[in-house]
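Report on the structure given below.
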Amino acid sequence: MIDTRDLAYLDMAEALAVKALGATRPNPHVGAVVVRDGRIVGSGFHAAAGKPHAEIIALQEAGDQARRATLYLSLEPCIHWGRTPPCCESVLASGVRRVVVANLDPNPAIHGRGVRNLRRAGIAVDVAGRPERKSGLNEMHAAYIVNGRPFVTLKAALSADGKLATRTGEARWVSSPEAREYAHFLRSENDAILVGAGTVAADDPRLTVRPPGRKGKPIHRAILDPKLQLPAGARLLEKNCGGPVLVYTRSASGDSGHGRRMMRLRGLGAEVVPVPENRGRLDLRRVLADLARREIAGLLVEGGGRTASAFLSSGLVDKAVFMIAPLLIGGPGAVGLWEGAGTSRLSEALRFVKSSAFRLGGDLVVEGYF
């Protein structure tokens, strides 16, 4: 039976897991707390793939005091060999008498098996099963494991009338400084950023991670560039700029200069990845499959109208973060979030199944799941 004290310790475990947010790909974020006689004797969190798991760190810190103690975990312990040994064996060897986990692991190779393994060995195990608590903590990992592709978050700074930029393309800055800083925290939580070649040409971004305390985190930077028009002087191609650059382009082109431009970009340090087209555009599912092969669990899409439209039209957006500024741009020539014909019937419109909102600076930030 789980009581309020158990939930408080699970809160602590989840708070520890948050310390490595965005740093554990493709592994989940996990925290652990060991409690004996009402006193915390060990704690830890998983810092990165290949490093010890949370329960191992917490049990090592507890030492002999782990015997007859209770282990609190934000996620079910693993039972398989990966980059590290299975954690269940260490839990069994520690002498803990009870284990409380917030949720089962979504990985089909683990789901429920870790709990059953401990129970068969005589350890009391309780599962809180409270997805409403820290529900977003491992949403990227779960999508990556279950769906075999990255969890896609679409981020956009919009005017109150839904425009990304004016009719001349001016978009700097639609959002407030506070919202732009929050956008960097979103980058730090993801494993890759994706934009279109048009955004690079217009804004020349570095696409780096620069929030306080997390500056310099290497992150994959993906560019959709069917015609390989990425400028040789683009700042994201600078050496030691912030992480690998992946340029996705069409796999078949009648342009005689396509191969030459491909070699030029590779010479500048970018990895050029040819993918087939689908209805005249790069096949985004192939792009996501390639990113998954690179163990990218979370992808932040920051592109302009064409890129946002392509992902929305393909039904590939899992979550949207819209930073809505208190201004009106207007005009049919202004750049909208979703270009093209759109839907003709409200019944066919995309709707959030879950959403929330908060104020940041002068903007309203709306986060929703499809």
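Going by the structure tokens order, chains are called A, B, ..., each with residues numbered from 1, while ligands are numbered from 1 in the order shown.
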
Using only C-alpha atoms, which residues sit within 6 Å of segment 342-352 of chain A once same-chain residues fewer than 3 positions away are excluded, as a list in words?
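Non-adjacent residues within range: Gly368, Tyr369 and Phe370 of chain A.
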
Excluding segment 90-95 of chain A and residues on its chain fewer than 2 positions from it, collect all residues at most 10 Å away from it, counting only C-alpha atoms, and give them as a ChimeraX atom specification.
/A:55-56,59-60,62-71,77,85-88,97-99,117-118,121-123

Dump of C-alpha atoms for the selected residues, as a compact mmCIF listing (two decimals), in the first residue's frame:
# COMPACT_ATOMS: atom_id res chain seq x y z
CA GLU A 55 19.53 2.81 -8.35
CA ILE A 56 23.14 1.67 -8.56
CA LEU A 59 22.53 1.75 -3.36
CA GLN A 60 26.29 2.27 -3.43
CA ALA A 62 23.68 3.62 1.10
CA GLY A 63 26.09 0.70 1.45
CA ASP A 64 25.18 -1.67 4.29
CA GLN A 65 22.35 0.66 5.32
CA ALA A 66 20.45 -0.49 2.24
CA ARG A 67 19.60 -3.75 4.04
CA ARG A 68 15.95 -3.78 5.14
CA ALA A 69 15.54 -0.33 3.54
CA THR A 70 13.05 0.87 0.92
CA LEU A 71 14.21 1.86 -2.56
CA PRO A 77 14.56 -1.18 -12.78
CA PRO A 85 24.58 -4.54 -16.35
CA PRO A 86 20.94 -5.20 -15.37
CA CYS A 87 19.93 -3.21 -12.28
CA CYS A 88 17.62 -5.86 -10.83
CA ARG A 97 13.09 -5.26 1.61
CA ARG A 98 10.78 -3.06 -0.45
CA VAL A 99 10.83 -1.22 -3.77
CA ASN A 117 11.64 -10.41 -11.14
CA LEU A 118 11.90 -8.63 -7.77
CA ALA A 121 12.74 -13.05 -5.24
CA GLY A 122 10.60 -12.10 -2.26
CA ILE A 123 10.91 -8.31 -2.37

Check the DSSP output for the backbone and give back, as a compact mmCIF listing (two decimals) with N, CA and C atoms, in the first residue's frame, the residues of segment 188-306 of chain A in strand (DSSP E).
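For reference, out_21.txt as written:
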# COMPACT_ATOMS: atom_id res chain seq x y z
N ALA A 192 18.08 16.86 -30.77
CA ALA A 192 18.36 17.43 -32.09
C ALA A 192 17.39 18.58 -32.37
N ILE A 193 17.85 19.52 -33.19
CA ILE A 193 17.03 20.63 -33.67
C ILE A 193 16.93 20.49 -35.17
N LEU A 194 15.77 20.80 -35.73
CA LEU A 194 15.59 20.73 -37.18
C LEU A 194 14.97 22.02 -37.70
N VAL A 195 15.55 22.53 -38.78
CA VAL A 195 15.01 23.70 -39.48
C VAL A 195 15.11 23.44 -40.98
N GLY A 196 14.47 24.30 -41.75
CA GLY A 196 14.59 24.23 -43.20
C GLY A 196 15.72 25.13 -43.69
N HIS A 220 22.59 17.61 -32.09
CA HIS A 220 22.54 17.41 -33.53
C HIS A 220 21.70 18.52 -34.16
N ARG A 221 22.18 19.07 -35.26
CA ARG A 221 21.46 20.14 -35.97
C ARG A 221 21.13 19.65 -37.37
N ALA A 222 19.83 19.46 -37.61
CA ALA A 222 19.38 18.88 -38.88
C ALA A 222 18.78 19.97 -39.76
N ILE A 223 19.14 19.94 -41.05
CA ILE A 223 18.66 20.93 -42.01
C ILE A 223 17.97 20.19 -43.16
N LEU A 224 16.74 20.61 -43.48
CA LEU A 224 16.06 20.09 -44.66
C LEU A 224 16.46 20.97 -45.85
N VAL A 245 26.26 18.46 -37.77
CA VAL A 245 25.32 19.05 -38.71
C VAL A 245 24.90 17.99 -39.72
N LEU A 246 23.60 17.74 -39.81
CA LEU A 246 23.05 16.76 -40.74
C LEU A 246 22.24 17.51 -41.78
N VAL A 247 22.60 17.37 -43.03
CA VAL A 247 21.88 18.04 -44.12
C VAL A 247 21.13 16.98 -44.90
N TYR A 248 19.80 17.03 -44.86
CA TYR A 248 18.97 16.06 -45.57
C TYR A 248 18.59 16.65 -46.93
N THR A 249 18.88 15.88 -47.97
CA THR A 249 18.63 16.35 -49.33
C THR A 249 18.00 15.23 -50.15
N ARG A 250 17.54 15.57 -51.35
CA ARG A 250 16.88 14.56 -52.19
C ARG A 250 17.91 13.54 -52.68
N GLU A 271 27.40 16.35 -42.54
CA GLU A 271 27.07 15.04 -43.07
C GLU A 271 25.84 15.20 -43.95
N VAL A 272 25.97 14.91 -45.22
CA VAL A 272 24.86 15.05 -46.16
C VAL A 272 24.17 13.70 -46.30
N VAL A 273 22.86 13.68 -46.04
CA VAL A 273 22.11 12.44 -46.02
C VAL A 273 21.03 12.48 -47.09
N PRO A 274 21.19 11.74 -48.17
CA PRO A 274 20.14 11.69 -49.21
C PRO A 274 18.94 10.87 -48.74
N VAL A 275 17.74 11.40 -48.97
CA VAL A 275 16.51 10.67 -48.66
C VAL A 275 15.55 10.81 -49.84
N GLU A 277 12.00 11.39 -51.95
CA GLU A 277 10.96 12.39 -51.83
C GLU A 277 9.59 11.73 -51.77
N ASN A 278 8.63 12.46 -51.21
CA ASN A 278 7.24 12.01 -51.13
C ASN A 278 6.36 13.18 -51.54
N ARG A 281 8.31 16.50 -51.88
CA ARG A 281 9.04 16.99 -50.71
C ARG A 281 9.84 15.86 -50.09
N LEU A 282 10.86 16.20 -49.33
CA LEU A 282 11.63 15.17 -48.65
C LEU A 282 10.70 14.34 -47.77
N GLY A 298 14.50 12.80 -28.93
CA GLY A 298 13.70 14.02 -28.92
C GLY A 298 14.15 14.98 -30.00
N LEU A 299 13.23 15.40 -30.87
CA LEU A 299 13.54 16.33 -31.96
C LEU A 299 12.71 17.59 -31.80
N LEU A 300 13.39 18.74 -31.80
CA LEU A 300 12.71 20.03 -31.73
C LEU A 300 12.71 20.66 -33.12
N VAL A 301 11.53 20.83 -33.69
CA VAL A 301 11.40 21.43 -35.02
C VAL A 301 11.18 22.93 -34.85

If you count only C-alpha atoms, which residues fall within 8 Å of Pro106 of chain A, apart from same-chain ones fewer than 4 positions away, as a PyMOL selection string?
chain A and resi 110-111+142+145-146

Using only C-alpha atoms: which of A:Ala179, A:Ala54, A:Leu186, A:Leu10 has the shortest distance to Val209 of chain A:
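Closest to Val209 of chain A, using only C-alpha atoms: A:Leu186.
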
Atom CA of Asn27 of chain A to atom CA of Phe185 of chain A measures 19.3 Å

Would you kindly return, as a PyMOL selection string, each protein, DNA or RNA residue with an atom no farther than 6 Å from any atom of Met140 of chain A, considering only C-alpha atoms and excluding same-chain residues fewer than 3 positions away?
chain A and resi 143+151+297-298

Export of the given selection (C-alpha atoms) as a CSV table (one decimal), in the first residue's frame:
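Output below, filename selection-v1.csv:
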chain,number,residue,atom,x,y,z
A,143,ALA,CA,7.9,7.6,-28.0
A,151,PHE,CA,9.3,12.4,-30.2
A,297,ALA,CA,14.9,10.4,-29.0
A,298,GLY,CA,13.7,14.0,-28.9

If we count only C-alpha atoms, what is near Ala165 of chain A at a cut-off of 6 Å, once residues fewer than 5 positions away on the same chain are taken out, given as a PyMOL selection string?
chain A and resi 170-171+334-335

Take the residues from that selection and put them in a file with N, CA and C atoms, as a PDB file, in the first residue's frame.
ATOM      1  N   GLU A 170      10.247  39.529 -42.084  1.00  0.00           N
ATOM      2  CA  GLU A 170      10.836  39.952 -40.813  1.00  0.00           C
ATOM      3  C   GLU A 170      10.191  39.197 -39.658  1.00  0.00           C
ATOM      4  N   ALA A 171      11.035  38.540 -38.856  1.00  0.00           N
ATOM      5  CA  ALA A 171      10.532  37.758 -37.732  1.00  0.00           C
ATOM      6  C   ALA A 171      11.316  38.008 -36.453  1.00  0.00           C
ATOM      7  N   ALA A 334       1.649  37.727 -45.142  1.00  0.00           N
ATOM      8  CA  ALA A 334       2.459  37.391 -43.978  1.00  0.00           C
ATOM      9  C   ALA A 334       2.617  35.873 -43.868  1.00  0.00           C
ATOM     10  N   VAL A 335       3.720  35.446 -43.265  1.00  0.00           N
ATOM     11  CA  VAL A 335       4.023  34.018 -43.162  1.00  0.00           C
ATOM     12  C   VAL A 335       3.210  33.397 -42.036  1.00  0.00           C
TER      13      VAL A 335
END
